file input_20.txt (compact mmCIF, C-alpha atoms)
# COMPACT_ATOMS: atom_id res chain seq x y z
CA MET Z 1 109.43 -1.79 -103.55
CA THR Z 2 109.45 0.96 -106.16
CA PRO Z 3 107.59 0.00 -109.31
CA TRP Z 4 110.13 -0.21 -112.12
CA PRO Z 5 108.39 2.16 -114.57
CA LEU Z 6 108.71 4.89 -111.94
CA LEU Z 7 112.43 4.21 -111.60
CA ILE Z 8 112.88 4.57 -115.35
CA LEU Z 9 110.87 7.79 -115.30
CA LEU Z 10 112.99 9.23 -112.49
CA ALA Z 11 116.23 8.21 -114.15
CA GLY Z 12 114.98 9.68 -117.42
CA SER Z 13 114.06 13.08 -116.01
CA ALA Z 14 117.37 13.39 -114.16
CA ALA Z 15 119.36 12.35 -117.21
CA ALA Z 16 117.52 14.85 -119.40
CA TYR Z 17 119.28 17.68 -117.60
CA ALA Z 18 122.51 16.02 -116.52
CA ASP Z 19 124.52 19.16 -117.20
CA ASP Z 20 128.21 19.23 -116.57
CA GLY Z 21 129.80 21.62 -114.11
CA GLU Z 22 131.04 24.03 -116.75
CA TYR Z 23 127.58 24.40 -118.27
CA LEU Z 24 126.04 24.97 -114.84
CA PHE Z 25 128.79 27.47 -113.99
CA HIS Z 26 127.82 29.51 -117.07
CA ALA Z 27 124.08 29.08 -116.48
CA ALA Z 28 124.49 30.32 -112.89
CA GLY Z 29 126.50 33.34 -114.06
CA CYS Z 30 129.36 33.04 -111.55
CA LEU Z 31 132.13 34.58 -113.65
CA ALA Z 32 130.99 38.17 -114.24
CA CYS Z 33 130.40 39.04 -110.59
CA HIS Z 34 133.47 37.26 -109.22
CA THR Z 35 135.87 38.90 -111.65
CA ALA Z 36 136.99 42.52 -111.36
CA LYS Z 37 137.35 44.74 -114.42
CA ASP Z 38 140.60 43.64 -116.09
CA GLY Z 39 141.19 41.31 -113.10
CA ALA Z 40 142.07 37.62 -112.92
CA PRO Z 41 139.07 35.33 -113.55
CA LEU Z 42 137.23 34.32 -110.36
CA ALA Z 43 139.71 36.18 -108.11
CA GLY Z 44 136.92 38.52 -106.97
CA GLY Z 45 137.16 42.22 -106.24
CA ARG Z 46 134.33 43.51 -108.40
CA PRO Z 47 132.51 46.24 -106.44
CA PHE Z 48 128.73 46.32 -106.04
CA GLU Z 49 127.30 49.63 -104.96
CA THR Z 50 124.01 49.13 -103.16
CA PRO Z 51 121.83 51.21 -100.83
CA TYR Z 52 123.48 49.21 -97.99
CA GLY Z 53 127.07 49.99 -98.86
CA THR Z 54 129.65 48.79 -101.35
CA PHE Z 55 130.29 45.06 -101.43
CA TYR Z 56 133.28 43.38 -103.03
CA ALA Z 57 132.86 39.95 -104.57
CA PRO Z 58 135.18 37.38 -102.96
CA ASN Z 59 137.78 35.15 -104.55
CA ILE Z 60 136.20 31.84 -105.61
CA SER Z 61 139.23 30.45 -107.40
CA PRO Z 62 140.74 27.35 -105.77
CA ASP Z 63 143.60 29.24 -104.12
CA ARG Z 64 144.12 27.61 -100.71
CA LYS Z 65 144.86 30.82 -98.81
CA THR Z 66 142.68 33.49 -100.43
CA GLY Z 67 140.13 31.45 -102.38
CA ILE Z 68 138.00 28.37 -101.74
CA GLY Z 69 140.75 25.78 -102.24
CA THR Z 70 140.35 24.25 -98.78
CA TRP Z 71 136.56 24.16 -98.79
CA SER Z 72 134.65 20.89 -98.77
CA ARG Z 73 131.82 20.27 -101.18
CA ARG Z 74 129.40 20.42 -98.23
CA GLU Z 75 130.70 23.85 -97.18
CA PHE Z 76 130.31 25.14 -100.73
CA ILE Z 77 126.74 23.90 -100.98
CA ASP Z 78 125.91 25.54 -97.64
CA ALA Z 79 127.37 28.81 -98.88
CA LEU Z 80 125.69 28.70 -102.27
CA LYS Z 81 122.28 27.50 -101.16
CA HIS Z 82 121.94 28.73 -97.59
CA GLY Z 83 124.17 31.78 -97.47
CA THR Z 84 126.18 30.22 -94.66
CA ALA Z 85 129.96 30.68 -94.61
CA PRO Z 86 132.24 27.83 -93.45
CA ASP Z 87 132.66 29.66 -90.09
CA GLY Z 88 128.88 29.59 -89.63
CA SER Z 89 128.28 33.29 -90.25
CA ALA Z 90 125.67 34.48 -92.74
CA TYR Z 91 126.53 36.14 -96.03
CA TYR Z 92 125.06 39.43 -97.14
CA PRO Z 93 122.39 38.73 -99.76
CA VAL Z 94 124.33 40.63 -102.42
CA PHE Z 95 125.44 37.03 -102.96
CA PRO Z 96 122.32 35.63 -104.66
CA TYR Z 97 121.72 32.63 -102.41
CA PRO Z 98 118.02 33.56 -102.17
CA SER Z 99 117.97 32.32 -105.78
CA TYR Z 100 120.64 29.63 -105.60
CA ARG Z 101 118.81 27.94 -102.70
CA LEU Z 102 116.46 26.60 -105.40
CA MET Z 103 119.31 24.71 -107.07
CA THR Z 104 119.64 20.95 -106.59
CA ASN Z 105 122.50 19.74 -104.40
CA THR Z 106 123.77 17.73 -107.36
CA ASP Z 107 124.07 20.83 -109.53
CA ALA Z 108 125.63 22.89 -106.73
CA GLY Z 109 128.16 20.12 -106.15
CA LYS Z 110 129.05 20.02 -109.84
CA ILE Z 111 129.72 23.76 -109.83
CA PHE Z 112 132.03 23.22 -106.85
CA ASP Z 113 133.91 20.46 -108.69
CA TYR Z 114 134.26 22.66 -111.75
CA LEU Z 115 135.56 25.65 -109.73
CA GLN Z 116 138.22 23.39 -108.19
CA THR Z 117 139.58 22.73 -111.70
CA ARG Z 118 140.14 26.43 -112.42
CA THR Z 119 143.46 28.25 -112.04
CA ALA Z 120 144.13 29.31 -108.44
CA ARG Z 121 144.59 33.06 -108.07
CA SER Z 122 146.12 34.59 -105.00
CA GLN Z 123 144.09 37.70 -104.21
CA THR Z 124 142.94 38.58 -100.70
CA ASN Z 125 139.27 39.46 -100.33
CA ARG Z 126 138.51 43.11 -99.87
CA GLU Z 127 136.45 44.11 -96.82
CA HIS Z 128 132.94 45.30 -97.64
CA ASP Z 129 132.34 48.98 -97.14
CA THR Z 130 129.12 48.97 -95.11
CA PRO Z 131 127.38 51.67 -93.03
CA TRP Z 132 128.09 51.73 -89.28
CA TRP Z 133 124.76 50.18 -88.35
CA LEU Z 134 125.06 47.13 -90.57
CA PHE Z 135 126.57 43.95 -89.10
CA ARG Z 136 126.98 40.43 -90.40
CA TRP Z 137 125.01 38.88 -87.51
CA MET Z 138 121.93 40.75 -88.69
CA MET Z 139 121.97 38.61 -91.80
CA LYS Z 140 120.89 35.59 -89.76
CA LEU Z 141 117.72 37.47 -88.91
CA TRP Z 142 117.40 38.69 -92.47
CA GLN Z 143 117.63 35.15 -93.82
CA TRP Z 144 114.96 33.95 -91.41
CA TRP Z 145 112.69 36.89 -92.23
CA ALA Z 146 113.27 37.54 -95.94
CA LEU Z 147 113.41 34.12 -97.56
CA ASP Z 148 109.78 33.32 -98.20
CA GLU Z 149 108.07 31.05 -100.68
CA PRO Z 150 109.70 31.05 -104.12
CA ALA Z 151 107.76 31.09 -107.39
CA PRO Z 152 105.75 27.86 -107.65
CA ALA Z 153 107.03 24.82 -109.54
CA GLN Z 154 105.45 24.21 -112.93
CA THR Z 155 103.75 21.01 -113.94
CA ASN Z 156 104.69 21.39 -117.61
CA GLN Z 157 108.20 20.02 -118.07
CA GLU Z 158 109.47 22.80 -120.35
CA LEU Z 159 108.09 25.53 -118.10
CA GLU Z 160 109.61 23.85 -115.07
CA ARG Z 161 112.98 23.71 -116.82
CA GLY Z 162 112.50 27.40 -117.66
CA ARG Z 163 111.72 28.23 -114.05
CA TYR Z 164 114.84 26.40 -112.90
CA LEU Z 165 117.02 28.28 -115.40
CA VAL Z 166 115.42 31.65 -114.62
CA ASP Z 167 115.18 31.34 -110.83
CA ALA Z 168 117.65 28.77 -109.49
CA LEU Z 169 120.55 29.20 -111.95
CA GLY Z 170 120.10 32.48 -113.84
CA HIS Z 171 118.93 34.35 -110.70
CA CYS Z 172 117.14 36.85 -112.97
CA GLY Z 173 114.92 38.05 -110.15
CA GLU Z 174 117.89 39.36 -108.15
CA CYS Z 175 117.90 42.37 -110.48
CA HIS Z 176 114.51 42.19 -112.21
CA THR Z 177 112.33 41.76 -109.10
CA PRO Z 178 112.04 44.93 -106.99
CA ARG Z 179 112.98 44.83 -103.31
CA ASN Z 180 111.33 46.33 -100.26
CA TRP Z 181 113.16 48.77 -97.97
CA LEU Z 182 114.85 45.87 -96.17
CA GLY Z 183 116.16 44.38 -99.35
CA ALA Z 184 113.80 41.43 -99.63
CA SER Z 185 112.34 40.59 -103.03
CA ILE Z 186 108.71 41.62 -103.35
CA ARG Z 187 106.98 38.38 -104.30
CA THR Z 188 103.91 40.15 -105.69
CA ARG Z 189 106.12 42.13 -108.10
CA TYR Z 190 108.02 39.08 -109.42
CA LEU Z 191 110.22 40.12 -112.38
CA ALA Z 192 108.34 43.43 -112.78
CA GLY Z 193 111.50 45.59 -112.93
CA THR Z 194 112.77 48.46 -110.82
CA ASP Z 195 114.23 51.94 -111.13
CA LEU Z 196 116.69 51.12 -108.34
CA GLY Z 197 118.78 48.40 -109.91
CA PRO Z 198 122.47 47.70 -109.39
CA GLU Z 199 124.84 50.52 -110.37
CA ASP Z 200 121.84 52.89 -110.41
CA GLU Z 201 120.54 51.24 -113.51
CA LYS Z 202 116.89 50.96 -114.47
CA VAL Z 203 116.00 47.30 -114.72
CA PRO Z 204 113.21 46.51 -117.17
CA ASN Z 205 109.97 44.69 -116.52
CA ILE Z 206 110.31 41.18 -117.99
CA THR Z 207 106.81 39.95 -117.23
CA PRO Z 208 104.40 39.53 -120.17
CA GLU Z 209 102.80 42.93 -119.44
CA ARG Z 210 102.04 44.56 -122.80
CA ALA Z 211 102.56 48.23 -121.94
CA ASP Z 212 106.10 48.12 -120.53
CA GLY Z 213 106.94 44.44 -120.12
CA ILE Z 214 107.82 41.94 -122.81
CA GLY Z 215 104.20 41.24 -123.76
CA LYS Z 216 104.72 42.59 -127.27
CA TRP Z 217 107.93 40.67 -127.93
CA ASP Z 218 107.44 37.47 -129.84
CA ALA Z 219 109.12 34.30 -128.60
CA ASP Z 220 111.75 34.41 -131.35
CA ASP Z 221 112.76 37.99 -130.53
CA LEU Z 222 113.16 37.06 -126.90
CA ALA Z 223 115.24 33.98 -127.64
CA TYR Z 224 117.36 35.99 -130.09
CA PHE Z 225 117.91 38.67 -127.45
CA LEU Z 226 119.13 36.08 -124.94
CA GLU Z 227 121.42 34.64 -127.60
CA THR Z 228 122.86 37.88 -129.05
CA GLY Z 229 121.78 40.88 -126.97
CA GLN Z 230 119.78 42.40 -129.84
CA LEU Z 231 116.62 44.27 -128.88
CA PRO Z 232 113.60 44.15 -131.20
CA ASP Z 233 114.37 47.65 -132.55
CA GLY Z 234 117.86 46.64 -133.72
CA ASP Z 235 119.71 48.21 -130.78
CA TYR Z 236 122.09 46.07 -128.74
CA THR Z 237 122.08 45.98 -124.97
CA GLY Z 238 125.19 47.45 -123.37
CA SER Z 239 124.04 47.42 -119.78
CA LEU Z 240 124.86 44.85 -117.11
CA MET Z 241 122.62 42.61 -119.19
CA ALA Z 242 125.38 42.52 -121.83
CA ASP Z 243 127.50 40.65 -119.27
CA VAL Z 244 124.62 38.26 -118.68
CA VAL Z 245 124.26 37.64 -122.42
CA ASP Z 246 128.02 37.20 -122.89
CA ASN Z 247 128.62 34.95 -119.89
CA THR Z 248 125.35 33.10 -119.50
CA THR Z 249 122.45 33.17 -121.91
CA SER Z 250 124.50 33.03 -125.14
CA LYS Z 251 126.20 29.90 -123.78
CA LEU Z 252 123.03 27.94 -123.13
CA ARG Z 253 121.61 25.26 -125.39
CA VAL Z 254 118.90 26.44 -127.80
CA ALA Z 255 116.32 24.32 -125.98
CA ASP Z 256 117.26 25.90 -122.65
CA ARG Z 257 116.92 29.45 -123.99
CA GLN Z 258 113.59 28.35 -125.42
CA ALA Z 259 112.51 27.04 -122.02
CA MET Z 260 113.44 30.35 -120.37
CA VAL Z 261 111.42 32.22 -122.99
CA SER Z 262 108.40 29.96 -122.54
CA TYR Z 263 108.55 30.42 -118.79
CA LEU Z 264 108.96 34.20 -118.94
CA ARG Z 265 105.98 34.43 -121.28
CA ALA Z 266 103.93 32.34 -118.84
CA VAL Z 267 104.56 34.18 -115.55
CA GLU Z 268 102.01 36.60 -114.16
CA ALA Z 269 102.02 40.00 -115.88
CA PHE Z 270 102.63 43.02 -113.65
CA PRO Z 271 102.91 46.67 -114.67
CA GLY Z 272 106.44 48.02 -114.39
CA PRO Z 273 107.84 50.53 -111.87
CA MET F 1 132.38 95.19 -153.15
CA HIS F 2 135.36 93.10 -152.10
CA LYS F 3 134.97 94.32 -148.55
CA THR F 4 131.31 93.24 -148.51
CA ALA F 5 132.28 89.80 -149.76
CA VAL F 6 134.93 89.45 -147.07
CA ILE F 7 132.50 90.44 -144.34
CA ALA F 8 129.82 88.12 -145.74
CA ALA F 9 132.32 85.27 -145.89
CA ALA F 10 133.39 85.97 -142.31
CA LEU F 11 129.78 85.96 -141.14
CA ILE F 12 129.07 82.71 -142.93
CA ALA F 13 132.21 81.18 -141.47
CA THR F 14 131.16 82.29 -137.96
CA ALA F 15 127.68 80.86 -138.44
CA ALA F 16 129.16 77.60 -139.69
CA ALA F 17 131.51 77.44 -136.72
CA GLN F 18 128.59 77.99 -134.36
CA ALA F 19 126.55 75.31 -136.07
CA GLU F 20 129.42 72.96 -135.42
CA GLU F 21 129.48 73.44 -131.68
CA PRO F 22 130.54 70.01 -130.41
CA GLU F 23 127.35 69.47 -128.45
CA ASN F 24 125.36 69.71 -131.64
CA TYR F 25 126.95 66.41 -132.50
CA ILE F 26 124.97 64.75 -129.72
CA LYS F 27 121.67 64.93 -131.61
CA TYR F 28 123.38 64.14 -134.88
CA ARG F 29 125.07 61.01 -133.59
CA GLN F 30 121.93 59.84 -131.78
CA ALA F 31 120.09 60.09 -135.09
CA MET F 32 122.95 58.26 -136.79
CA MET F 33 122.86 55.52 -134.16
CA SER F 34 119.10 55.19 -134.69
CA ALA F 35 119.76 54.82 -138.42
CA ILE F 36 122.37 52.13 -137.75
CA GLY F 37 120.03 50.37 -135.32
CA GLY F 38 117.21 50.62 -137.85
CA HIS F 39 119.21 48.98 -140.62
CA THR F 40 120.58 46.38 -138.22
CA GLY F 41 117.10 45.49 -137.00
CA ALA F 42 115.73 45.39 -140.55
CA ALA F 43 118.64 43.27 -141.82
CA GLY F 44 118.10 40.94 -138.86
CA GLN F 45 114.50 40.30 -139.89
CA ILE F 46 115.79 39.18 -143.29
CA VAL F 47 118.83 37.22 -142.04
CA ARG F 48 116.62 35.37 -139.56
CA GLY F 49 114.26 34.46 -142.39
CA LYS F 50 111.25 36.39 -141.09
CA VAL F 51 110.77 38.39 -144.30
CA SER F 52 112.39 38.30 -147.73
CA PRO F 53 111.90 41.60 -149.56
CA GLU F 54 113.61 41.56 -152.97
CA GLY F 55 117.10 43.07 -152.90
CA ALA F 56 116.59 44.75 -149.53
CA LEU F 57 119.37 42.92 -147.71
CA ALA F 58 122.07 44.41 -149.96
CA MET F 59 120.58 47.86 -149.35
CA HIS F 60 120.70 47.43 -145.56
CA ALA F 61 124.16 45.86 -145.59
CA ASN F 62 125.60 48.61 -147.79
CA ALA F 63 123.94 51.29 -145.68
CA LEU F 64 125.45 49.76 -142.54
CA ALA F 65 128.90 49.68 -144.11
CA THR F 66 128.56 53.33 -145.16
CA LEU F 67 127.14 54.51 -141.84
CA ASN F 68 129.94 52.78 -139.94
CA THR F 69 132.78 54.19 -142.04
CA ASP F 70 133.84 56.68 -139.38
CA ILE F 71 131.99 56.27 -136.08
CA GLY F 72 134.81 58.18 -134.35
CA SER F 73 133.88 61.41 -136.16
CA LEU F 74 130.49 61.35 -134.41
CA PHE F 75 132.27 61.84 -131.09
CA PRO F 76 134.38 64.99 -131.40
CA GLU F 77 136.17 66.46 -128.38
CA GLY F 78 133.74 68.48 -126.27
CA SER F 79 130.61 66.53 -127.14
CA ASP F 80 130.63 64.75 -123.80
CA PHE F 81 128.12 66.84 -121.90
CA GLY F 82 124.40 67.44 -122.26
CA GLU F 83 121.81 64.78 -122.96
CA THR F 84 124.16 62.00 -123.90
CA ARG F 85 124.82 58.47 -122.75
CA ALA F 86 128.32 58.61 -124.18
CA LYS F 87 130.80 57.65 -121.46
CA GLU F 88 133.81 59.84 -120.75
CA GLU F 89 136.04 56.86 -121.58
CA ILE F 90 135.35 57.59 -125.25
CA TRP F 91 137.62 60.61 -124.86
CA SER F 92 139.83 59.51 -121.97
CA ASP F 93 140.60 56.12 -123.55
CA ARG F 94 140.41 57.15 -127.17
CA ALA F 95 142.63 54.35 -128.48
CA ALA F 96 140.26 51.69 -127.12
CA PHE F 97 137.27 53.56 -128.51
CA ASP F 98 138.87 53.94 -131.93
CA LYS F 99 139.53 50.22 -131.92
CA ALA F 100 135.88 49.47 -131.13
CA ALA F 101 134.77 51.88 -133.86
CA GLY F 102 137.23 50.21 -136.24
CA ASP F 103 135.76 46.80 -135.37
CA ALA F 104 132.31 48.07 -136.32
CA LYS F 105 133.68 49.32 -139.63
CA THR F 106 135.40 45.99 -140.34
CA ALA F 107 132.37 43.94 -139.32
CA THR F 108 129.88 45.93 -141.40
CA ALA F 109 132.20 45.91 -144.44
CA ALA F 110 132.53 42.12 -144.13
CA PHE F 111 128.75 41.80 -143.81
CA ALA F 112 128.22 43.87 -146.98
CA ALA F 113 130.81 41.72 -148.78
CA ALA F 114 129.13 38.49 -147.63
CA VAL F 115 125.75 39.75 -148.83
CA ALA F 116 127.26 40.74 -152.17
CA ALA F 117 128.78 37.26 -152.52
CA GLY F 118 125.43 35.70 -151.61
CA ASP F 119 126.83 33.02 -149.31
CA GLU F 120 124.02 32.26 -146.84
CA GLU F 121 126.27 30.77 -144.18
CA LYS F 122 128.76 33.63 -144.31
CA ILE F 123 125.93 36.15 -144.21
CA GLY F 124 124.63 34.68 -140.95
CA ALA F 125 128.05 34.63 -139.33
CA ALA F 126 128.93 38.13 -140.58
CA TYR F 127 125.64 39.49 -139.27
CA ARG F 128 126.43 38.07 -135.84
CA ASP F 129 129.82 39.75 -135.91
CA VAL F 130 128.12 43.07 -136.63
CA GLY F 131 125.92 42.58 -133.57
CA GLU F 132 128.88 41.54 -131.47
CA SER F 133 130.71 44.75 -132.37
CA CYS F 134 127.64 46.82 -131.43
CA LYS F 135 127.22 45.06 -128.08
CA THR F 136 130.91 45.18 -127.17
CA CYS F 137 131.14 48.92 -127.82
CA HIS F 138 127.86 49.71 -126.04
CA LYS F 139 129.03 47.73 -123.03
CA GLN F 140 132.27 49.67 -122.79
CA PHE F 141 131.27 53.13 -123.89
CA ARG F 142 127.54 53.70 -123.42
CA GLN F 143 126.05 54.67 -120.09
CA LYS F 144 123.18 52.74 -118.69
CA LYS F 145 119.71 54.17 -118.63
CA ASN F 146 118.91 55.82 -115.35
call {"tool": "encode", "arguments": {"input": "input_20.txt", "output": "structure tokens"}}
result
Amino acid sequence: MTPWPLLILLAGSAAAYADDGEYLFHAAGCLACHTAKDGAPLAGGRPFETPYGTFYAPNISPDRKTGIGTWSRREFIDALKHGTAPDGSAYYPVFPYPSYRLMTNTDAGKIFDYLQTRTARSQTNREHDTPWWLFRWMMKLWQWWALDEPAPAQTNQELERGRYLVDALGHCGECHTPRNWLGASIRTRYLAGTDLGPEDEKVPNITPERADGIGKWDADDLAYFLETGQLPDGDYTGSLMADVVDNTTSKLRVADRQAMVSYLRAVEAFPGP
Amino acid sequence: MHKTAVIAAALIATAAAQAEEPENYIKYRQAMMSAIGGHTGAAGQIVRGKVSPEGALAMHANALATLNTDIGSLFPEGSDFGETRAKEEIWSDRAAFDKAAGDAKTATAAFAAAVAAGDEEKIGAAYRDVGESCKTCHKQFRQKKN
């Protein structure tokens, strides 16, 4: 029999972050990638140029023919967390399931429920433009080989909330952690930035390194950046990060931005690229 | 005497025309953008209650309104090559760019007005609108660092 104080504790910690599907949808940043420039929301089509070809985000609106309208919640969770399509094939990791795998099933399910309430858009998925040597079946091997231990859980409750927002939902490391030549995140360079980011963009070091990381930013500046996109020198980000600010970090609760900041200031400092 | 004056005037006009080569606007507008960023950052420190230097907020707000009067003039035709992060859409989609520049003008004028009126709540909101206009335009019309 479970002692009752433990039950209350468990209920309490779950209730503390009982976010609704819309909030989780924003926190996980689904919209920007799954919407083409001037395209219908969630209908897909946005191109991602990578060293492994150009990938086109699929339609995740609830259209029954071209979207995910006929998917079950279980199929969605398998896709989001394990990179497995309903037909059993493996997705290319341009879809950030290496991060989303850290999400709870409850939260993943809520995102599914929310997506099913959106407007269905009929738009057929565009085939990825991959080099001749790259095949989907290879992704099974990639998943087995590349998905190693994630960043450790934190004992402090705020830091753990921050880790969940940064890693599981915000998937910050997908851009901010450099990758090896096979596209796997380099664990020992966690969040240290890269010159080879998406769309040929330099991605900054967001570890607390003082020389080129965020070690000299104070906590307020960092929280204000996540809320508004303003850099400490008064400039405003216009890069892909502007999408992240608009669609994700500006929409979070103050306490959640604060938790992300606390976590980012607590991770190991690495020098940048 | 008249002939000398005409030749001198022609030489001066030529020199002036050369000084106004479009690409010279690249350095000028980068300096202007730094000035705008500087005042925005400084005003932000005050709006966010970090510092409260006497009368400085009006100075920054008025400077921002003045500096943003005609952002479009910083991007003349032909100033799209060289060391610039200006995207070609500034010139190929000029109407959209002019709208973004107009938004910056409106937002900074409203911020200056709010500061002049001294309404704390309006100042905060107006400052955010200034930032929003910066971010929106950078997103559309400024190239990423690479």
call {"tool": "interface_residues", "arguments": {"input": "input_20.txt", "of": "chain Z", "to": "chain F", "cutoff": "10 Å", "atoms": "all atoms listed in the file", "output": "list in words"}}
result
Asp195, Leu196, Gly197, Glu199, Asp200, Glu201, Lys202, Val203, Asp220, Asp221, Tyr224, Thr228, Gly229, Gln230, Leu231, Pro232, Asp233, Gly234, Asp235, Tyr236, Thr237, Gly238, Ser239, Leu240, Met241, Ala242, Asp243, Val245 and Asp246 of chain Z
call {"tool": "write_last_selection", "arguments": {"input": "input_20.txt", "atoms": "C-alpha atoms", "output": "mmCIF file, in the coordinates of the input"}}
result
data_model
loop_
_atom_site.group_PDB
_atom_site.id
_atom_site.type_symbol
_atom_site.label_atom_id
_atom_site.label_comp_id
_atom_site.auth_asym_id
_atom_site.auth_seq_id
_atom_site.Cartn_x
_atom_site.Cartn_y
_atom_site.Cartn_z
ATOM 1 C CA ASP Z 195 114.230 51.940 -111.130
ATOM 2 C CA LEU Z 196 116.690 51.120 -108.340
ATOM 3 C CA GLY Z 197 118.780 48.400 -109.910
ATOM 4 C CA GLU Z 199 124.840 50.520 -110.370
ATOM 5 C CA ASP Z 200 121.840 52.890 -110.410
ATOM 6 C CA GLU Z 201 120.540 51.240 -113.510
ATOM 7 C CA LYS Z 202 116.890 50.960 -114.470
ATOM 8 C CA VAL Z 203 116.000 47.300 -114.720
ATOM 9 C CA ASP Z 220 111.750 34.410 -131.350
ATOM 10 C CA ASP Z 221 112.760 37.990 -130.530
ATOM 11 C CA TYR Z 224 117.360 35.990 -130.090
ATOM 12 C CA THR Z 228 122.860 37.880 -129.050
ATOM 13 C CA GLY Z 229 121.780 40.880 -126.970
ATOM 14 C CA GLN Z 230 119.780 42.400 -129.840
ATOM 15 C CA LEU Z 231 116.620 44.270 -128.880
ATOM 16 C CA PRO Z 232 113.600 44.150 -131.200
ATOM 17 C CA ASP Z 233 114.370 47.650 -132.550
ATOM 18 C CA GLY Z 234 117.860 46.640 -133.720
ATOM 19 C CA ASP Z 235 119.710 48.210 -130.780
ATOM 20 C CA TYR Z 236 122.090 46.070 -128.740
ATOM 21 C CA THR Z 237 122.080 45.980 -124.970
ATOM 22 C CA GLY Z 238 125.190 47.450 -123.370
ATOM 23 C CA SER Z 239 124.040 47.420 -119.780
ATOM 24 C CA LEU Z 240 124.860 44.850 -117.110
ATOM 25 C CA MET Z 241 122.620 42.610 -119.190
ATOM 26 C CA ALA Z 242 125.380 42.520 -121.830
ATOM 27 C CA ASP Z 243 127.500 40.650 -119.270
ATOM 28 C CA VAL Z 245 124.260 37.640 -122.420
ATOM 29 C CA ASP Z 246 128.020 37.200 -122.890
#
call {"tool": "atom_distance", "arguments": {"input": "input_20.txt", "atom1": "atom CA of F:Gly78", "atom2": "atom CA of F:Ala65"}}
result
26.4 Å
call {"tool": "residues_around", "arguments": {"input": "input_20.txt", "residues": "Z:Ala266", "least_positions_apart": "2", "cutoff": "10 Å", "atoms": "all atoms listed in the file", "output": "tab-separated table (two decimals) with C-alpha atoms, keeping the file's coordinate frame"}}
result
chain	number	residue	atom	x	y	z
Z	159	LEU	CA	108.09	25.53	-118.10
Z	162	GLY	CA	112.50	27.40	-117.66
Z	207	THR	CA	106.81	39.95	-117.23
Z	208	PRO	CA	104.40	39.53	-120.17
Z	260	MET	CA	113.44	30.35	-120.37
Z	261	VAL	CA	111.42	32.22	-122.99
Z	262	SER	CA	108.40	29.96	-122.54
Z	263	TYR	CA	108.55	30.42	-118.79
Z	264	LEU	CA	108.96	34.20	-118.94
Z	268	GLU	CA	102.01	36.60	-114.16
Z	269	ALA	CA	102.02	40.00	-115.88
call {"tool": "atom_distance", "arguments": {"input": "input_20.txt", "atom1": "atom CA of Z:Ala27", "atom2": "atom CA of Z:Leu226"}}
result
12.0 Å
call {"tool": "atom_distance", "arguments": {"input": "input_20.txt", "atom1": "atom CA of Z:Val254", "atom2": "atom CA of F:Ile123"}}
result
20.3 Å
